[in-house]
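For reference, query.cif (mmCIF, C-alpha atoms):
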```
data_run
#
loop_
_atom_site.label_atom_id
_atom_site.label_comp_id
_atom_site.auth_asym_id
_atom_site.auth_seq_id
_atom_site.Cartn_x
_atom_site.Cartn_y
_atom_site.Cartn_z
CA MET I 572 123.98 23.73 1.55
CA SER I 573 123.46 27.03 3.37
CA MET I 574 121.46 27.19 6.61
CA ARG I 575 120.43 30.47 8.19
CA PHE I 576 119.98 30.87 11.93
CA LEU I 577 119.20 33.57 14.47
CA ILE I 578 121.08 34.19 17.71
CA LEU I 579 119.06 35.32 20.72
CA ASP I 580 119.72 36.15 24.33
CA VAL I 581 116.83 34.78 26.39
CA PHE I 582 115.42 35.79 29.79
CA THR I 583 116.92 39.25 29.45
CA GLU I 584 115.90 42.59 27.97
CA ARG I 585 119.45 43.52 27.00
CA PRO I 586 121.99 41.96 24.60
CA PHE I 587 124.78 39.90 26.16
CA GLY I 588 122.76 38.90 29.19
CA GLY I 589 120.50 35.89 29.63
CA ASN I 590 121.02 32.55 27.94
CA GLN I 591 122.31 32.25 24.40
CA LEU I 592 120.21 30.39 21.83
CA ALA I 593 120.52 29.57 18.14
CA VAL I 594 117.32 28.97 16.16
CA PHE I 595 117.22 27.44 12.68
CA LEU I 596 113.84 28.64 11.45
CA GLU I 597 113.69 26.35 8.40
CA ALA I 598 115.10 22.99 9.40
CA ASP I 599 113.30 20.73 6.91
CA ASP I 600 116.27 20.51 4.58
CA ILE I 601 118.91 19.90 7.24
CA ASP I 602 120.22 16.33 7.28
CA GLU I 603 119.23 14.51 10.48
CA ALA I 604 122.84 13.45 10.99
CA LEU I 605 123.93 17.10 11.17
CA LEU I 606 121.63 18.25 13.97
CA GLN I 607 123.89 17.22 16.85
CA PRO I 608 127.20 18.25 15.21
CA ILE I 609 125.79 21.70 14.42
CA ALA I 610 124.67 22.16 18.04
CA ARG I 611 128.13 21.08 19.20
CA GLU I 612 129.79 23.46 16.75
CA LEU I 613 127.74 26.45 17.93
CA ASN I 614 128.24 25.32 21.54
CA PHE I 615 125.38 27.30 23.05
CA SER I 616 123.56 25.59 25.91
CA GLU I 617 120.78 24.83 23.39
CA THR I 618 120.12 25.01 19.66
CA VAL I 619 116.58 24.78 18.22
CA TYR I 620 115.47 23.40 14.86
CA LEU I 621 112.01 24.55 13.75
CA TYR I 622 109.72 22.32 11.65
CA PRO I 623 106.10 22.38 10.53
CA PRO I 624 103.82 20.81 13.17
CA ARG I 625 102.65 17.22 13.04
CA ASP I 626 99.22 18.25 14.37
CA ALA I 627 97.33 20.80 12.27
CA SER I 628 96.13 22.53 15.46
CA SER I 629 99.73 23.27 16.51
CA THR I 630 101.87 26.19 15.40
CA ALA I 631 105.24 24.50 14.93
CA ARG I 632 107.44 21.61 16.05
CA LEU I 633 110.75 22.12 17.85
CA ARG I 634 113.73 19.84 18.25
CA ILE I 635 116.11 20.99 20.97
CA PHE I 636 119.78 20.03 21.25
CA THR I 637 122.46 20.77 23.84
CA PRO I 638 126.10 20.33 22.75
CA GLU I 639 125.86 16.71 23.93
CA ALA I 640 122.30 15.45 23.41
CA GLU I 641 118.76 16.10 22.25
CA VAL I 642 116.39 17.02 25.08
CA PRO I 643 112.62 16.46 25.21
CA PHE I 644 111.83 19.84 26.76
CA ALA I 645 113.60 23.06 27.72
CA GLY I 646 112.48 26.50 28.82
CA HIS I 647 114.72 29.13 27.28
CA PRO I 648 114.53 27.50 23.80
CA ILE I 649 110.72 27.74 23.87
CA VAL I 650 110.68 31.37 25.02
CA GLY I 651 113.50 32.27 22.64
CA THR I 652 111.90 30.53 19.67
CA THR I 653 108.67 32.43 20.34
CA PHE I 654 110.61 35.67 19.86
CA ALA I 655 112.51 34.28 16.85
CA MET I 656 109.25 33.36 15.13
CA GLU I 657 108.28 37.04 15.17
CA THR I 658 110.65 37.42 12.21
CA LEU I 659 108.56 35.00 10.11
CA PRO I 660 105.98 36.67 7.84
CA ASP I 661 103.24 34.07 8.21
CA VAL I 662 103.10 33.65 12.02
CA GLU I 663 99.77 34.61 13.59
CA ARG I 664 100.32 37.52 15.98
CA LYS I 665 97.11 36.98 17.96
CA GLY I 666 96.25 34.25 20.45
CA GLU I 667 98.54 31.62 21.89
CA LEU I 668 101.15 29.44 20.24
CA ARG I 669 101.07 25.67 20.46
CA LEU I 670 104.61 24.34 20.15
CA GLU I 671 105.27 20.63 19.81
CA VAL I 672 108.34 19.27 21.62
CA GLU I 673 109.27 15.67 22.35
CA SER I 674 107.63 15.78 25.81
CA GLY I 675 104.30 17.05 24.45
CA THR I 676 102.63 20.23 23.24
CA ILE I 677 103.46 23.45 25.10
CA ARG I 678 101.08 26.41 25.09
CA VAL I 679 102.77 29.81 24.96
CA HIS I 680 100.96 33.04 25.83
CA ARG I 681 102.28 36.32 24.40
CA ARG I 682 102.00 39.85 25.74
CA ARG I 683 102.45 42.72 23.31
CA ALA I 684 103.13 46.46 23.44
CA GLU I 685 100.73 48.99 21.97
CA ASP I 686 102.71 48.98 18.72
CA GLY I 687 102.26 45.21 18.43
CA SER I 688 105.82 44.25 19.31
CA LEU I 689 106.27 41.20 21.52
CA LEU I 690 107.09 42.06 25.14
CA HIS I 691 106.84 38.80 27.07
CA ALA I 692 106.24 35.09 26.45
CA THR I 693 104.96 32.64 29.06
CA MET I 694 104.95 28.87 28.60
CA GLU I 695 102.65 26.44 30.40
CA GLN I 696 104.81 23.60 31.63
CA HIS I 697 103.74 20.06 32.45
CA ARG I 698 102.25 19.19 35.84
CA PRO I 699 105.07 18.61 38.33
CA VAL I 700 106.28 15.14 39.23
CA PHE I 701 108.18 14.80 42.53
CA MET I 702 110.51 11.90 41.94
CA ALA I 703 112.95 11.37 44.83
CA GLU I 704 114.48 13.02 47.87
CA THR I 705 118.21 12.80 48.59
CA PRO I 706 118.96 11.15 51.93
CA ARG I 707 122.72 11.79 51.91
CA VAL I 708 123.08 15.54 51.98
CA GLU I 709 126.81 15.30 52.66
CA LEU I 710 127.35 13.78 49.19
CA VAL I 711 125.37 16.56 47.53
CA ALA I 712 127.28 19.20 49.48
CA ASP I 713 130.62 17.65 48.55
CA ALA I 714 129.68 17.56 44.86
CA LEU I 715 128.82 21.28 44.95
CA GLY I 716 131.81 22.35 47.01
CA LEU I 717 129.59 23.19 49.98
CA LYS I 718 129.51 22.18 53.62
CA PRO I 719 126.52 20.04 54.67
CA ARG I 720 125.31 22.77 57.02
CA ASP I 721 124.97 25.14 54.03
CA ILE I 722 122.09 22.92 52.92
CA LEU I 723 120.79 21.58 56.24
CA ILE I 724 120.27 25.07 57.66
CA THR I 725 117.36 25.59 55.24
CA GLY I 726 115.31 22.74 56.72
CA LEU I 727 114.30 21.80 53.17
CA PRO I 728 114.97 18.55 51.28
CA CYS I 729 117.16 18.00 48.26
CA GLU I 730 114.60 16.70 45.78
CA VAL I 731 114.31 15.65 42.14
CA VAL I 732 111.40 17.39 40.41
CA SER I 733 110.23 17.40 36.80
CA THR I 734 107.85 19.68 34.90
CA GLY I 735 108.98 18.17 31.60
CA LEU I 736 112.66 17.62 32.38
CA PRO I 737 113.97 16.42 35.78
CA PHE I 738 116.32 18.48 37.94
CA HIS I 739 117.83 17.91 41.35
CA VAL I 740 116.66 20.95 43.34
CA VAL I 741 119.08 21.83 46.15
CA PRO I 742 118.30 24.53 48.76
CA VAL I 743 121.19 26.64 50.04
CA GLY I 744 121.13 28.84 53.13
CA SER I 745 122.95 31.96 51.95
CA LEU I 746 124.02 34.00 48.97
CA ALA I 747 127.63 33.75 50.14
CA ALA I 748 127.47 29.96 49.96
CA MET I 749 125.86 30.14 46.51
CA LYS I 750 128.58 32.41 45.19
CA GLY I 751 131.30 30.26 46.74
CA MET I 752 130.11 27.00 45.22
CA GLN I 753 132.81 25.07 43.35
CA PRO I 754 130.94 22.16 41.75
CA HIS I 755 132.78 18.98 40.91
CA LEU I 756 131.04 17.60 37.83
CA GLY I 757 132.44 14.10 38.32
CA ARG I 758 131.02 13.87 41.83
CA MET I 759 127.73 15.30 40.59
CA ARG I 760 127.54 12.40 38.13
CA GLU I 761 128.16 9.96 41.00
CA VAL I 762 125.27 11.44 42.98
CA GLY I 763 123.19 11.26 39.80
CA GLU I 764 123.83 7.55 39.47
CA GLU I 765 121.84 7.01 42.67
CA LEU I 766 119.06 9.46 41.81
CA GLY I 767 118.91 9.01 38.06
CA VAL I 768 119.51 12.77 37.65
CA SER I 769 122.86 14.54 37.91
CA ASP I 770 121.76 18.04 36.83
CA VAL I 771 121.47 20.38 39.83
CA TYR I 772 119.41 23.54 40.28
CA ALA I 773 120.62 25.17 43.48
CA PHE I 774 118.79 28.13 44.98
CA THR I 775 118.60 30.47 47.95
CA PHE I 776 116.05 33.02 49.10
CA ASP I 777 118.97 35.38 49.73
CA THR I 778 119.13 37.54 46.57
CA VAL I 779 121.26 40.23 44.96
CA ASP I 780 118.30 42.18 43.58
CA PRO I 781 115.78 42.99 46.31
CA ASP I 782 112.99 42.61 43.73
CA ALA I 783 113.97 38.97 43.09
CA THR I 784 112.48 36.10 45.11
CA VAL I 785 115.28 33.56 44.68
CA HIS I 786 118.85 33.40 43.44
CA ALA I 787 119.66 30.29 41.42
CA ARG I 788 122.52 28.45 39.72
CA MET I 789 122.26 25.42 37.43
CA PHE I 790 124.89 22.81 36.56
CA ALA I 791 124.16 20.17 33.91
CA PRO I 792 127.03 17.69 33.46
CA SER I 793 124.82 15.18 31.63
CA TYR I 794 124.20 17.71 28.85
CA GLY I 795 127.72 19.12 28.63
CA ILE I 796 126.77 22.45 30.30
CA PRO I 797 129.16 23.41 33.13
CA GLU I 798 126.83 26.24 34.23
CA ASP I 799 123.66 27.55 32.61
CA ALA I 800 122.81 31.25 32.52
CA ALA I 801 119.00 30.85 32.62
CA THR I 802 117.04 27.61 32.85
CA GLY I 803 113.29 27.89 32.27
CA SER I 804 112.59 24.18 32.69
CA ALA I 805 114.41 24.10 36.05
CA ALA I 806 112.70 27.32 37.21
CA GLY I 807 109.34 25.58 36.79
CA CYS I 808 110.62 22.69 38.93
CA LEU I 809 111.79 25.17 41.55
CA GLY I 810 108.40 26.88 41.65
CA ALA I 811 106.64 23.57 42.18
CA TYR I 812 109.21 22.55 44.80
CA VAL I 813 108.85 25.65 47.01
CA VAL I 814 105.05 25.39 46.91
CA LYS I 815 104.97 21.67 47.65
CA ASN I 816 107.48 22.02 50.51
CA ARG I 817 105.69 25.12 51.89
CA ALA I 818 108.80 27.26 51.61
CA VAL I 819 106.56 30.16 50.56
CA PRO I 820 103.21 31.27 52.00
CA ALA I 821 100.27 29.19 50.81
CA ALA I 822 98.34 30.88 48.00
CA ARG I 823 96.16 29.97 45.06
CA LEU I 824 98.70 31.68 42.79
CA THR I 825 102.35 31.84 43.82
CA ARG I 826 104.66 34.14 41.87
CA LEU I 827 108.46 34.00 41.94
CA VAL I 828 111.10 36.13 40.27
CA VAL I 829 114.28 34.10 39.74
CA GLU I 830 117.66 35.73 39.22
CA GLN I 831 120.26 33.50 37.60
CA GLY I 832 123.49 33.74 35.63
CA LEU I 833 125.12 36.49 37.72
CA GLU I 834 128.15 34.36 38.61
CA ILE I 835 129.00 33.84 34.92
CA GLY I 836 128.39 37.40 33.81
CA ARG I 837 125.05 36.78 32.07
CA PRO I 838 122.36 38.16 34.39
CA SER I 839 118.96 36.65 33.75
CA ARG I 840 115.44 37.06 35.09
CA LEU I 841 112.73 34.40 34.96
CA HIS I 842 109.11 34.81 36.05
CA VAL I 843 107.43 31.75 37.57
CA GLU I 844 103.77 31.18 38.45
CA VAL I 845 102.44 28.14 40.30
CA GLU I 846 98.68 27.66 40.50
CA SER I 847 97.21 25.53 43.27
CA GLU I 848 93.79 24.14 44.15
CA SER I 849 93.19 22.51 47.53
CA GLU I 850 96.94 22.10 48.11
CA ARG I 851 97.32 20.41 44.71
CA ILE I 852 99.47 22.05 42.05
CA VAL I 853 97.43 22.37 38.86
CA GLY I 854 99.59 24.66 36.76
CA VAL I 855 103.20 25.79 36.35
CA ARG I 856 104.12 28.69 34.07
CA VAL I 857 107.49 30.24 33.28
CA GLY I 858 107.99 33.39 31.26
CA GLY I 859 110.37 36.09 30.23
CA THR I 860 111.64 38.13 27.36
CA ALA I 861 114.37 37.78 24.73
CA VAL I 862 116.33 39.86 22.24
CA VAL I 863 117.64 38.93 18.80
CA VAL I 864 121.34 39.82 18.79
CA GLY I 865 122.39 38.52 15.42
CA SER I 866 121.99 36.10 12.55
CA GLY I 867 124.31 33.75 10.76
CA GLU I 868 124.66 31.30 7.92
CA MET I 869 126.21 27.89 8.21
CA SER I 870 127.53 26.41 4.97
CA LEU I 871 128.16 22.68 4.63
#
```
File written out as structure tokens:
Amino acid sequence: MSMRFLILDVFTERPFGGNQLAVFLEADDIDEALLQPIARELNFSETVYLYPPRDASSTARLRIFTPEAEVPFAGHPIVGTTFAMETLPDVERKGELRLEVESGTIRVHRRRAEDGSLLHATMEQHRPVFMAETPRVELVADALGLKPRDILITGLPCEVVSTGLPFHVVPVGSLAAMKGMQPHLGRMREVGEELGVSDVYAFTFDTVDPDATVHARMFAPSYGIPEDAATGSAAGCLGAYVVKNRAVPAARLTRLVVEQGLEIGRPSRLHVEVESESERIVGVRVGGTAVVVGSGEMSL
């Protein structure tokens, strides 16, 4: 059988930046047993398979695979698939998309140019869940190749947060420390055994681009991703984290611009919005753009 797919770079406006994604737009005929091997063969951080929705009110259903496992939710696959669907003739160009993933239905808002082309896609993530704080900072620092003071100087906790997928959010005091990190994936797994989550989203308010709010790096040993170029699901967790821990000024709507992927040569930009009411977070949104860089055909 022959299976066509698109290749996109997500959370970037230019080819060869952002996070790579493969999208199989017609996955109905692909054998279930092939979904994981195909994702491993392509070896992008995620591969998406698109299906008709289960609910008639939804637009489509997505299954998302890393090289190692299927995941219930992910950010750059949802934004990237929104852009990939623009190539389909029967997709409604007006209004929002409702995309079914394992964790639930995600609403995606689209912003278009005057000529109708898609400029920007923003997903509404799940309400944040704050799961656990890390008491032993020295173990976290050792796993990331940092010194404990690189974390402690921030005055912020290391905390596991989920807006659909849990991440261990780790604050770092300087850009120099971020760039010098040498993560040890085995030790990260050991820390994860205590927390239940080994995937780390480290960040600092010290940025390369003065227009960015935070600089971030993400390491996901549990999904076979040594370092991710752009992580929409983790960016939502980070937005909720900085609001909850009052690391940014209190506001009804907090906006962050996240730069990520610079250390691995794939610069990315993610836009995060956190909506609050009476000190309670009521909405988390993450958006960005994507470019189609190619297409392929897998024959089995």
Which residues are close to range 769-771 of chain I, i.e. within 10 Å by all atoms listed in the file, leaving aside same-chain residues fewer than 3 positions away? Reply as number ranges by chain.
I: 711, 715, 729-731, 737-741, 754, 756-766, 774, 788-794, 796-798, 805
How would you write, as an NGL selection string, the residues chosen by the PyMOL selection byres ((chain I and resi 641-658) around 7) on this structure?
:I and (579 or 581 or 592 or 594 or 617 or 619 or 635-637 or 640 or 659-660 or 662 or 672-674 or 692 or 735-736 or 802-804 or 861)
Test item: the PyMOL selection byres ((chain I and resi 863) around 6) resolved as a ChimeraX atom specification
/I:578-579,862,864-865
Using the chain letters and numbering of this document, enumerate as a PyMOL selection string the residues selected by the PyMOL selection byres ((chain I and resi 837) around 10).
chain I and resi 580+582-583+586-591+799-801+831-836+838-839
Point-to-point distance from CA of Asp626 in chain I to CA of Arg669 in chain I, Å rounded to tenths:
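Pair CA of Asp626 in chain I / CA of Arg669 in chain I returns 9.8 Å.
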Identify which of the residues I:Ser847, I:Leu710, I:Tyr812, I:Thr618 lies closest to Thr825 in chain I, counting all atoms listed in the file when measuring atom-to-atom distances.
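That would be I:Ser847, the residue with the smallest distance to Thr825 in chain I.
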List as number ranges by chain: which residues have an atom within 8 Å of (119.9, 15.4, 51.8), counting only C-alpha atoms?
I: 704-709, 711, 722-723, 728-729
Check the smallest atom-to-atom distance from each of I:His697, I:Arg634, I:Ala747, I:Leu577 to Leu613 in chain I using all atoms listed in the file, then report the winner.
I:Leu577
Among listed residues I:Ile609, I:Met869, I:Leu668, I:Ile601, nearest His680 in chain I (using only C-alpha atoms)
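Ranking I:Ile609, I:Met869, I:Leu668, I:Ile601 by distance to His680 in chain I, first place goes to I:Leu668.
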Should you be able to, write range 616-650 of chain I of this structure into a file that contains N, CA and C atoms, as a short mmCIF file (atom, residue, chain, number, x, y, z; two decimals), in the first residue's frame.
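Listed below is the output, decode.cif:
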```
data_model
loop_
_atom_site.label_atom_id
_atom_site.label_comp_id
_atom_site.auth_asym_id
_atom_site.auth_seq_id
_atom_site.Cartn_x
_atom_site.Cartn_y
_atom_site.Cartn_z
N SER I 616 9.90 14.23 16.13
CA SER I 616 9.45 14.16 17.53
C SER I 616 8.00 13.70 17.61
N GLU I 617 7.18 14.03 16.58
CA GLU I 617 5.82 13.49 16.52
C GLU I 617 5.37 13.26 15.08
N THR I 618 4.52 12.28 14.92
CA THR I 618 3.84 11.97 13.66
C THR I 618 2.35 11.90 13.94
N VAL I 619 1.54 12.51 13.07
CA VAL I 619 0.09 12.57 13.26
C VAL I 619 -0.61 11.74 12.18
N TYR I 620 -1.64 11.01 12.63
CA TYR I 620 -2.53 10.29 11.73
C TYR I 620 -3.92 10.91 11.85
N LEU I 621 -4.48 11.32 10.72
CA LEU I 621 -5.76 12.04 10.70
C LEU I 621 -6.89 11.11 10.29
N TYR I 622 -7.99 11.15 11.08
CA TYR I 622 -9.15 10.29 10.85
C TYR I 622 -10.42 11.14 10.87
N PRO I 623 -11.50 10.62 10.33
CA PRO I 623 -12.79 11.30 10.53
C PRO I 623 -13.12 11.36 12.01
N PRO I 624 -13.89 12.36 12.45
CA PRO I 624 -14.19 12.48 13.89
C PRO I 624 -15.19 11.43 14.34
N ARG I 625 -15.15 11.14 15.64
CA ARG I 625 -16.16 10.25 16.22
C ARG I 625 -17.46 11.02 16.47
N ASP I 626 -17.30 12.30 16.85
CA ASP I 626 -18.45 13.17 17.13
C ASP I 626 -18.72 14.02 15.88
N ALA I 627 -19.96 14.05 15.45
CA ALA I 627 -20.31 14.78 14.23
C ALA I 627 -20.04 16.28 14.36
N SER I 628 -19.98 16.80 15.60
CA SER I 628 -19.73 18.23 15.78
C SER I 628 -18.23 18.58 15.70
N SER I 629 -17.38 17.56 15.64
CA SER I 629 -15.94 17.78 15.54
C SER I 629 -15.50 17.82 14.09
N THR I 630 -14.28 18.34 13.89
CA THR I 630 -13.75 18.46 12.53
C THR I 630 -12.99 17.21 12.12
N ALA I 631 -12.17 16.67 13.03
CA ALA I 631 -11.34 15.52 12.70
C ALA I 631 -10.84 14.90 13.99
N ARG I 632 -10.27 13.70 13.88
CA ARG I 632 -9.66 13.02 15.02
C ARG I 632 -8.19 12.80 14.72
N LEU I 633 -7.33 13.06 15.71
CA LEU I 633 -5.90 12.91 15.56
C LEU I 633 -5.37 11.82 16.48
N ARG I 634 -4.46 11.01 15.97
CA ARG I 634 -3.65 10.15 16.82
C ARG I 634 -2.21 10.60 16.65
N ILE I 635 -1.52 10.76 17.79
CA ILE I 635 -0.21 11.39 17.80
C ILE I 635 0.81 10.41 18.38
N PHE I 636 1.90 10.19 17.63
CA PHE I 636 2.93 9.25 18.04
C PHE I 636 4.30 9.92 18.06
N THR I 637 5.06 9.72 19.13
CA THR I 637 6.49 9.99 19.14
C THR I 637 7.19 8.75 18.59
N PRO I 638 8.52 8.77 18.45
CA PRO I 638 9.20 7.55 18.01
C PRO I 638 9.03 6.37 18.96
N GLU I 639 8.63 6.64 20.21
CA GLU I 639 8.55 5.58 21.21
C GLU I 639 7.14 5.23 21.66
N ALA I 640 6.19 6.16 21.55
CA ALA I 640 4.88 5.90 22.15
C ALA I 640 3.82 6.83 21.58
N GLU I 641 2.56 6.41 21.73
CA GLU I 641 1.44 7.29 21.42
C GLU I 641 1.22 8.22 22.60
N VAL I 642 0.88 9.48 22.32
CA VAL I 642 0.65 10.46 23.39
C VAL I 642 -0.78 10.98 23.28
N PRO I 643 -1.40 11.31 24.43
CA PRO I 643 -2.80 11.73 24.43
C PRO I 643 -3.02 13.16 23.95
N PHE I 644 -1.95 13.95 23.95
CA PHE I 644 -2.08 15.37 23.62
C PHE I 644 -0.70 15.90 23.30
N ALA I 645 -0.61 16.83 22.36
CA ALA I 645 0.66 17.49 22.07
C ALA I 645 0.35 18.77 21.32
N GLY I 646 1.22 19.77 21.48
CA GLY I 646 0.94 21.09 20.92
C GLY I 646 1.31 21.26 19.47
N HIS I 647 2.58 20.99 19.13
CA HIS I 647 2.98 21.28 17.75
C HIS I 647 2.28 20.37 16.75
N PRO I 648 1.89 19.13 17.09
CA PRO I 648 1.07 18.35 16.15
C PRO I 648 -0.30 18.96 15.87
N ILE I 649 -0.91 19.59 16.87
CA ILE I 649 -2.23 20.19 16.65
C ILE I 649 -2.11 21.44 15.78
N VAL I 650 -1.14 22.31 16.09
CA VAL I 650 -0.94 23.50 15.26
C VAL I 650 -0.51 23.10 13.85
#
```
